[in-house]
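Chemist: Handing you a structure now.
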Amino acid sequence: MSRIAIIGAGAWGTGLAIVLGRKQLHAVRLWANEGDVCESIMQRHVNERFLPGFTLPDFVEATNDLSLAVAGAEILVSVMPSQHCRSLFERMAPSLRPELLFVSCTKGLEDGTLFRMTEVIEDVMRTCKFTPRVGALSGPSFAKEVARGDPTAVTIASSDSELARTVQETFNDSRFRVYTNDDVIGVELGGALKNIIAIAAGVCAGLGLGHNSVAALITRGLAEIARLTVACGGRLDTVAGLAGLGDLVLTCTGDLSRNRSVGVELGEGRKLSDIIADMHGAVAEGVFTTKAALGLARKKSVEMPITEQMYAILENGKPPQQAIEDLMTRAAKREV
């Protein structure tokens, strides 16, 4: 049996543990930061806090010990919130080996450095004096639906074709289909930036706006994602794929989207601090990614008006209705 470490026992990490464990081919160790999450999984095989109602297979065990989680692992799947990626890899670094395969499933950008998550991993691992073999797994995949066994398709992106094939074979089953891609930039930016647009889509819903508004927002949001992706070296065909358009549509329209839910409440007039406090440890990555995305856009001289307005709402408390009006009254332009 292959040994797999999953670092991060939120809903998505738990959903992936169910996918890997149900194949009965992998011994999965799931690292949880929260003591009650680890206890819940070990005693009842259920993550009561982040993914209640779904039983984890017997091939999955949980631990609060990072060193134990990665010991002997052949694949390390990182699913921690983006703001904790660097610190956790710094803690794990002494236990990591050159032959280990790294799979990043975190959809975000690091504040300050503006790095994608695979870049954060590579940056940390330079202290270990080896270049990690790393890929990014992304696509339209609500954790609850993955855990339930609904047919789901994602992509694994890596410049290392052997890693991509190995991850594809490891995760693939009749309910979870994995495609391969070599455009890491496009896959990671698609996964990170769609969360910002999803908050904006939620704002539209919270303001009581209809389908016209959301359709326009998704389309123009995709244009923003495409512009920045290409400016950073990614490809348009990736933006049109699972990690781009697929994930964008899901997150902007699905009721299970935490980012959209945050936007709904903002549109209804609630303060961001109160919304986050009520999430009980769950994370809406778009809240943390917006500032970094805008910084990256400015660095690359890319215009991202929706992202700019979301930053104004999230960071400066701009009224959502005013943000929508400012978007609609911008100078007239060509669509393409």
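Simple scheme: letters A, B, ... for chains in structure tokens order, numbers from 1 for residues in each chain, numbers from 1 for ligands in the order shown.
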Considering only C-alpha atoms, give me a table of residues in segment 14-63 of chain A that are at most 12 Å from segment 153-177 of chain A, with the closest atom pair and distance in Å for each, as a Markdown table.

Modeler:
| residue | atom | partner | partner_atom | distance |
| --- | --- | --- | --- | --- |
| A:Gly15 | CA | A:Phe176 | CA | 11.0 |
| A:Leu16 | CA | A:Phe171 | CA | 8.6 |
| A:Ala17 | CA | A:Phe171 | CA | 10.0 |
| A:Ile18 | CA | A:Phe171 | CA | 10.5 |
| A:Val19 | CA | A:Phe171 | CA | 7.0 |
| A:Leu20 | CA | A:Phe171 | CA | 6.2 |
| A:Gly21 | CA | A:Phe171 | CA | 9.8 |
| A:Arg22 | CA | A:Asp173 | CA | 9.4 |
| A:Lys23 | CA | A:Asp173 | CA | 7.6 |
| A:Gln24 | CA | A:Thr170 | CA | 11.1 |
| A:Leu25 | CA | A:Thr170 | CA | 8.7 |
| A:His26 | CA | A:Thr170 | CA | 8.4 |
| A:Ala27 | CA | A:Thr170 | CA | 11.7 |
| A:Val28 | CA | A:Thr170 | CA | 11.8 |

Chemist: Please report, as a VMD selection string, each residue of segment 160-201 of chain A to which DSSP assigns alpha helix (DSSP H) when run on this structure's backbone.

Modeler: chain A and resid 161 to 171 184 to 201

Chemist: If you run DSSP on the backbone, which residues of segment 137-282 of chain A are strand (DSSP E), as an mmCIF file with N, CA and C atoms, in the first residue's frame?

Modeler:
data_model
loop_
_atom_site.group_PDB
_atom_site.id
_atom_site.type_symbol
_atom_site.label_atom_id
_atom_site.label_comp_id
_atom_site.auth_asym_id
_atom_site.auth_seq_id
_atom_site.Cartn_x
_atom_site.Cartn_y
_atom_site.Cartn_z
ATOM 1 N N LEU A 137 -3.317 20.442 -7.622
ATOM 2 C CA LEU A 137 -4.571 19.786 -7.959
ATOM 3 C C LEU A 137 -5.709 20.772 -7.716
ATOM 4 N N SER A 138 -6.545 20.978 -8.732
ATOM 5 C CA SER A 138 -7.613 21.965 -8.621
ATOM 6 C C SER A 138 -8.750 21.606 -9.568
ATOM 7 N N THR A 152 -17.068 13.781 -10.022
ATOM 8 C CA THR A 152 -16.299 15.024 -9.947
ATOM 9 C C THR A 152 -15.082 14.900 -10.845
ATOM 10 N N ALA A 153 -14.714 15.998 -11.506
ATOM 11 C CA ALA A 153 -13.525 16.013 -12.366
ATOM 12 C C ALA A 153 -12.631 17.180 -11.970
ATOM 13 N N VAL A 154 -11.342 16.895 -11.806
ATOM 14 C CA VAL A 154 -10.355 17.911 -11.448
ATOM 15 C C VAL A 154 -9.134 17.732 -12.346
ATOM 16 N N THR A 155 -8.134 18.581 -12.147
ATOM 17 C CA THR A 155 -6.903 18.453 -12.922
ATOM 18 C C THR A 155 -5.689 18.524 -12.015
ATOM 19 N N ILE A 156 -4.653 17.777 -12.348
ATOM 20 C CA ILE A 156 -3.371 17.871 -11.657
ATOM 21 C C ILE A 156 -2.374 18.492 -12.622
ATOM 22 N N ALA A 157 -1.796 19.599 -12.211
ATOM 23 C CA ALA A 157 -0.865 20.329 -13.072
ATOM 24 C C ALA A 157 0.552 20.229 -12.525
ATOM 25 N N PHE A 176 -14.249 10.009 -9.081
ATOM 26 C CA PHE A 176 -13.324 11.140 -8.981
ATOM 27 C C PHE A 176 -12.325 11.019 -10.133
ATOM 28 N N ARG A 177 -12.535 11.820 -11.170
ATOM 29 C CA ARG A 177 -11.738 11.724 -12.393
ATOM 30 C C ARG A 177 -10.694 12.840 -12.418
ATOM 31 N N VAL A 178 -9.440 12.458 -12.682
ATOM 32 C CA VAL A 178 -8.338 13.419 -12.673
ATOM 33 C C VAL A 178 -7.725 13.514 -14.063
ATOM 34 N N TYR A 179 -7.676 14.723 -14.601
ATOM 35 C CA TYR A 179 -6.983 15.008 -15.848
ATOM 36 C C TYR A 179 -5.586 15.561 -15.532
ATOM 37 N N THR A 180 -4.672 15.484 -16.489
ATOM 38 C CA THR A 180 -3.340 16.043 -16.296
ATOM 39 C C THR A 180 -3.177 17.319 -17.127
ATOM 40 N N ASN A 181 -2.272 18.177 -16.683
ATOM 41 C CA ASN A 181 -2.020 19.463 -17.316
ATOM 42 C C ASN A 181 -0.593 19.858 -16.950
#

Chemist: When distances are computed from only C-alpha atoms, which of A:Leu100, A:Ile218, A:Ala5, A:Leu250 shows the smallest separation from Phe142 of chain A?

Modeler: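 Closest candidate: A:Leu250.
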
Chemist: Could you tell me which of A:Glu99, A:Glu285, A:Glu145, A:Asp150 comes closest to Thr131 of chain A if we count only C-alpha atoms?

Modeler: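 The shortest atom-to-atom distance to Thr131 of chain A comes from A:Glu99.
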
Chemist: So, with only C-alpha atoms as the atoms that count, which of A:Met117, A:Arg49, A:Val230, A:Ala277 lies closest to Ala297 of chain A?

Modeler: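 Smallest separation from Ala297 of chain A among the options: A:Val230.
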
Chemist: From the list A:Thr219, A:Asn259, A:Ser104, A:Thr307, which residue is nearest Val184 of chain A when using only C-alpha atoms?

Modeler: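 For Val184 of chain A, the nearest of the given residues is A:Ser104.
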
Chemist: Using only C-alpha atoms, which residues sit within 12 Å of Leu236 of chain A once same-chain residues fewer than 2 positions away are excluded, as a ChimeraX atom specification?

Modeler: /A:183,185-187,189-190,222-234,238-241,243-245

Chemist: Between A:Val336, A:Met279, A:Glu303, A:Leu30, which residue has the minimum interatomic distance to Gly13 of chain A, considering only C-alpha atoms?

Modeler: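 The shortest atom-to-atom distance to Gly13 of chain A comes from A:Leu30.
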
Chemist: Hey, which bits of segment 99-204 of chain A sit within 12 Å of segment 70-85 of chain A, and for each residue what's the closest pair of atoms and how far apart in Å (one decimal), counting only C-alpha atoms, rows by chain and increasing number, as CSV?

Modeler:
residue,atom,partner,partner_atom,distance
A:Glu99,CA,A:Glu74,CA,7.5
A:Leu100,CA,A:Glu74,CA,5.2
A:Leu101,CA,A:Ile75,CA,4.7
A:Phe102,CA,A:Leu76,CA,5.0
A:Val103,CA,A:Val77,CA,4.7
A:Ser104,CA,A:Ser78,CA,4.9
A:Cys105,CA,A:Val79,CA,5.1
A:Thr106,CA,A:Val79,CA,5.1
A:Lys107,CA,A:Ser82,CA,7.1
A:Gly108,CA,A:Ser82,CA,5.5
A:Leu109,CA,A:Ser82,CA,6.6
A:Glu110,CA,A:Ser82,CA,6.4
A:Asp111,CA,A:Gln83,CA,7.6
A:Gly112,CA,A:Gln83,CA,10.6
A:Thr113,CA,A:Gln83,CA,11.5
A:Leu114,CA,A:Ser82,CA,11.2
A:Phe115,CA,A:Ser82,CA,10.2
A:Arg116,CA,A:Ser82,CA,9.1
A:Met117,CA,A:Ser82,CA,7.2
A:Thr118,CA,A:Cys85,CA,9.7
A:Glu119,CA,A:Cys85,CA,10.6
A:Val120,CA,A:Cys85,CA,7.3
A:Ile121,CA,A:Cys85,CA,7.8
A:Glu122,CA,A:Cys85,CA,11.4
A:Asp123,CA,A:Cys85,CA,11.2
A:Val124,CA,A:Cys85,CA,9.7
A:Pro132,CA,A:Leu76,CA,11.0
A:Arg133,CA,A:Ile75,CA,10.1
A:Val134,CA,A:Leu76,CA,9.5
A:Gly135,CA,A:Val77,CA,9.7
A:Ala136,CA,A:Val77,CA,9.5
A:Leu137,CA,A:Val77,CA,9.3
A:Ser138,CA,A:Val79,CA,11.1
A:Ala143,CA,A:Val79,CA,11.8
A:Ile156,CA,A:Val77,CA,11.9
A:Leu163,CA,A:Ile75,CA,9.8
A:Ala164,CA,A:Ile75,CA,11.8
A:Thr166,CA,A:Ile75,CA,9.5
A:Val167,CA,A:Ile75,CA,8.5
A:Thr170,CA,A:Ile75,CA,9.5
A:Phe171,CA,A:Val77,CA,11.2
A:Glu188,CA,A:Ser82,CA,12.0
A:Gly191,CA,A:Ser82,CA,12.0
A:Ala192,CA,A:Ser82,CA,9.8

Chemist: Need the shell around segment 200-202 of chain A: protein/DNA/RNA residues with any atom at most 7 Å away, counting only C-alpha atoms. Skip same-chain ones fewer than 4 positions apart. Format as a list in words?

Modeler: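 Listing them by chain and then by number gives Ile196, Gly206, Val214, Leu217, Cys252, Arg260, Ser261, Val262, Gly263, Val264 and Met310 of chain A.
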
Chemist: Save the residues we just selected, all heavy atoms, as a PDB file, in the first residue's frame?

Modeler:
ATOM      1  N   ILE A 196     -12.350  35.210  -5.483  1.00  0.00           N
ATOM      2  CA  ILE A 196     -12.658  36.640  -5.393  1.00  0.00           C
ATOM      3  C   ILE A 196     -13.942  36.942  -6.153  1.00  0.00           C
ATOM      4  O   ILE A 196     -14.827  37.654  -5.664  1.00  0.00           O
ATOM      5  CB  ILE A 196     -11.492  37.466  -5.961  1.00  0.00           C
ATOM      6  CG1 ILE A 196     -10.189  37.127  -5.240  1.00  0.00           C
ATOM      7  CG2 ILE A 196     -11.797  38.959  -5.883  1.00  0.00           C
ATOM      8  CD1 ILE A 196      -8.949  37.661  -5.929  1.00  0.00           C
ATOM      9  N   GLY A 206     -26.824  38.898  -2.400  1.00  0.00           N
ATOM     10  CA  GLY A 206     -27.200  39.574  -1.170  1.00  0.00           C
ATOM     11  C   GLY A 206     -27.917  40.892  -1.404  1.00  0.00           C
ATOM     12  O   GLY A 206     -28.754  41.308  -0.596  1.00  0.00           O
ATOM     13  N   VAL A 214     -25.387  38.311 -12.351  1.00  0.00           N
ATOM     14  CA  VAL A 214     -24.423  37.255 -12.018  1.00  0.00           C
ATOM     15  C   VAL A 214     -23.746  36.730 -13.291  1.00  0.00           C
ATOM     16  O   VAL A 214     -22.525  36.478 -13.299  1.00  0.00           O
ATOM     17  CB  VAL A 214     -25.106  36.117 -11.250  1.00  0.00           C
ATOM     18  CG1 VAL A 214     -24.137  34.967 -11.009  1.00  0.00           C
ATOM     19  CG2 VAL A 214     -25.649  36.633  -9.911  1.00  0.00           C
ATOM     20  N   LEU A 217     -21.187  39.195 -14.291  1.00  0.00           N
ATOM     21  CA  LEU A 217     -20.068  39.159 -13.359  1.00  0.00           C
ATOM     22  C   LEU A 217     -19.151  37.970 -13.630  1.00  0.00           C
ATOM     23  O   LEU A 217     -17.919  38.098 -13.644  1.00  0.00           O
ATOM     24  CB  LEU A 217     -20.591  39.101 -11.927  1.00  0.00           C
ATOM     25  CG  LEU A 217     -19.495  39.098 -10.872  1.00  0.00           C
ATOM     26  CD1 LEU A 217     -18.991  40.503 -10.619  1.00  0.00           C
ATOM     27  CD2 LEU A 217     -19.981  38.462  -9.582  1.00  0.00           C
ATOM     28  N   CYS A 252     -19.265  30.429  -7.977  1.00  0.00           N
ATOM     29  CA  CYS A 252     -20.123  31.607  -8.068  1.00  0.00           C
ATOM     30  C   CYS A 252     -21.609  31.282  -7.948  1.00  0.00           C
ATOM     31  O   CYS A 252     -22.408  32.171  -7.649  1.00  0.00           O
ATOM     32  CB  CYS A 252     -19.894  32.333  -9.407  1.00  0.00           C
ATOM     33  SG  CYS A 252     -18.339  33.242  -9.496  1.00  0.00           S
ATOM     34  N   ARG A 260     -18.904  32.513  -1.801  1.00  0.00           N
ATOM     35  CA  ARG A 260     -20.170  33.110  -2.207  1.00  0.00           C
ATOM     36  C   ARG A 260     -21.015  33.469  -0.982  1.00  0.00           C
ATOM     37  O   ARG A 260     -21.649  34.537  -0.947  1.00  0.00           O
ATOM     38  CB  ARG A 260     -20.943  32.147  -3.113  1.00  0.00           C
ATOM     39  CG  ARG A 260     -22.264  32.706  -3.627  1.00  0.00           C
ATOM     40  CD  ARG A 260     -23.002  31.682  -4.494  1.00  0.00           C
ATOM     41  NE  ARG A 260     -24.259  32.219  -4.988  1.00  0.00           N
ATOM     42  CZ  ARG A 260     -25.403  32.258  -4.292  1.00  0.00           C
ATOM     43  NH1 ARG A 260     -25.424  31.779  -3.057  1.00  0.00           N
ATOM     44  NH2 ARG A 260     -26.494  32.761  -4.831  1.00  0.00           N
ATOM     45  N   SER A 261     -21.006  32.601   0.025  1.00  0.00           N
ATOM     46  CA  SER A 261     -21.794  32.858   1.227  1.00  0.00           C
ATOM     47  C   SER A 261     -21.325  34.120   1.948  1.00  0.00           C
ATOM     48  O   SER A 261     -22.148  34.897   2.457  1.00  0.00           O
ATOM     49  CB  SER A 261     -21.713  31.658   2.173  1.00  0.00           C
ATOM     50  OG  SER A 261     -22.296  30.506   1.578  1.00  0.00           O
ATOM     51  N   VAL A 262     -20.007  34.319   1.991  1.00  0.00           N
ATOM     52  CA  VAL A 262     -19.477  35.550   2.583  1.00  0.00           C
ATOM     53  C   VAL A 262     -19.999  36.757   1.813  1.00  0.00           C
ATOM     54  O   VAL A 262     -20.420  37.764   2.391  1.00  0.00           O
ATOM     55  CB  VAL A 262     -17.936  35.535   2.591  1.00  0.00           C
ATOM     56  CG1 VAL A 262     -17.374  36.924   2.896  1.00  0.00           C
ATOM     57  CG2 VAL A 262     -17.420  34.534   3.609  1.00  0.00           C
ATOM     58  N   GLY A 263     -19.985  36.668   0.469  1.00  0.00           N
ATOM     59  CA  GLY A 263     -20.476  37.757  -0.354  1.00  0.00           C
ATOM     60  C   GLY A 263     -21.950  38.050  -0.131  1.00  0.00           C
ATOM     61  O   GLY A 263     -22.369  39.217  -0.086  1.00  0.00           O
ATOM     62  N   VAL A 264     -22.745  36.992   0.019  1.00  0.00           N
ATOM     63  CA  VAL A 264     -24.181  37.174   0.268  1.00  0.00           C
ATOM     64  C   VAL A 264     -24.390  38.009   1.523  1.00  0.00           C
ATOM     65  O   VAL A 264     -25.178  38.973   1.546  1.00  0.00           O
ATOM     66  CB  VAL A 264     -24.894  35.814   0.399  1.00  0.00           C
ATOM     67  CG1 VAL A 264     -26.320  36.013   0.893  1.00  0.00           C
ATOM     68  CG2 VAL A 264     -24.912  35.082  -0.942  1.00  0.00           C
ATOM     69  N   MET A 310     -13.771  44.534  -5.002  1.00  0.00           N
ATOM     70  CA  MET A 310     -13.867  43.592  -3.890  1.00  0.00           C
ATOM     71  C   MET A 310     -12.859  43.945  -2.802  1.00  0.00           C
ATOM     72  O   MET A 310     -13.143  43.814  -1.604  1.00  0.00           O
ATOM     73  CB  MET A 310     -13.648  42.152  -4.379  1.00  0.00           C
ATOM     74  CG  MET A 310     -14.781  41.616  -5.237  1.00  0.00           C
ATOM     75  SD  MET A 310     -16.418  41.935  -4.514  1.00  0.00           S
ATOM     76  CE  MET A 310     -16.237  41.181  -2.909  1.00  0.00           C
TER      77      MET A 310
END

Chemist: Can you tell me which residues surround Gly208 of chain A at a distance of at most 9 Å, considering only C-alpha atoms, apart from same-chain residues fewer than 4 positions away, and format the answer as a list in words?

Modeler: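 These residues fall inside the cut-off: Val203, Cys204, Gly267 and Glu268 of chain A.
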
Chemist: Kindly export the residues of the current selection with C-alpha atoms, as a CSV table (one decimal), in the first residue's frame.

Modeler:
chain,number,residue,atom,x,y,z
A,203,VAL,CA,-22.7,40.2,-3.1
A,204,CYS,CA,-25.0,40.4,-6.1
A,267,GLY,CA,-24.5,42.3,0.3
A,268,GLU,CA,-27.1,42.0,3.0

Chemist: Of the candidates A:Leu314, A:Ala215, A:Glu61, A:His45, which one gets nearest to Trp31 of chain A if we count only C-alpha atoms?

Modeler: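 Closest to Trp31 of chain A, using only C-alpha atoms: A:Glu61.
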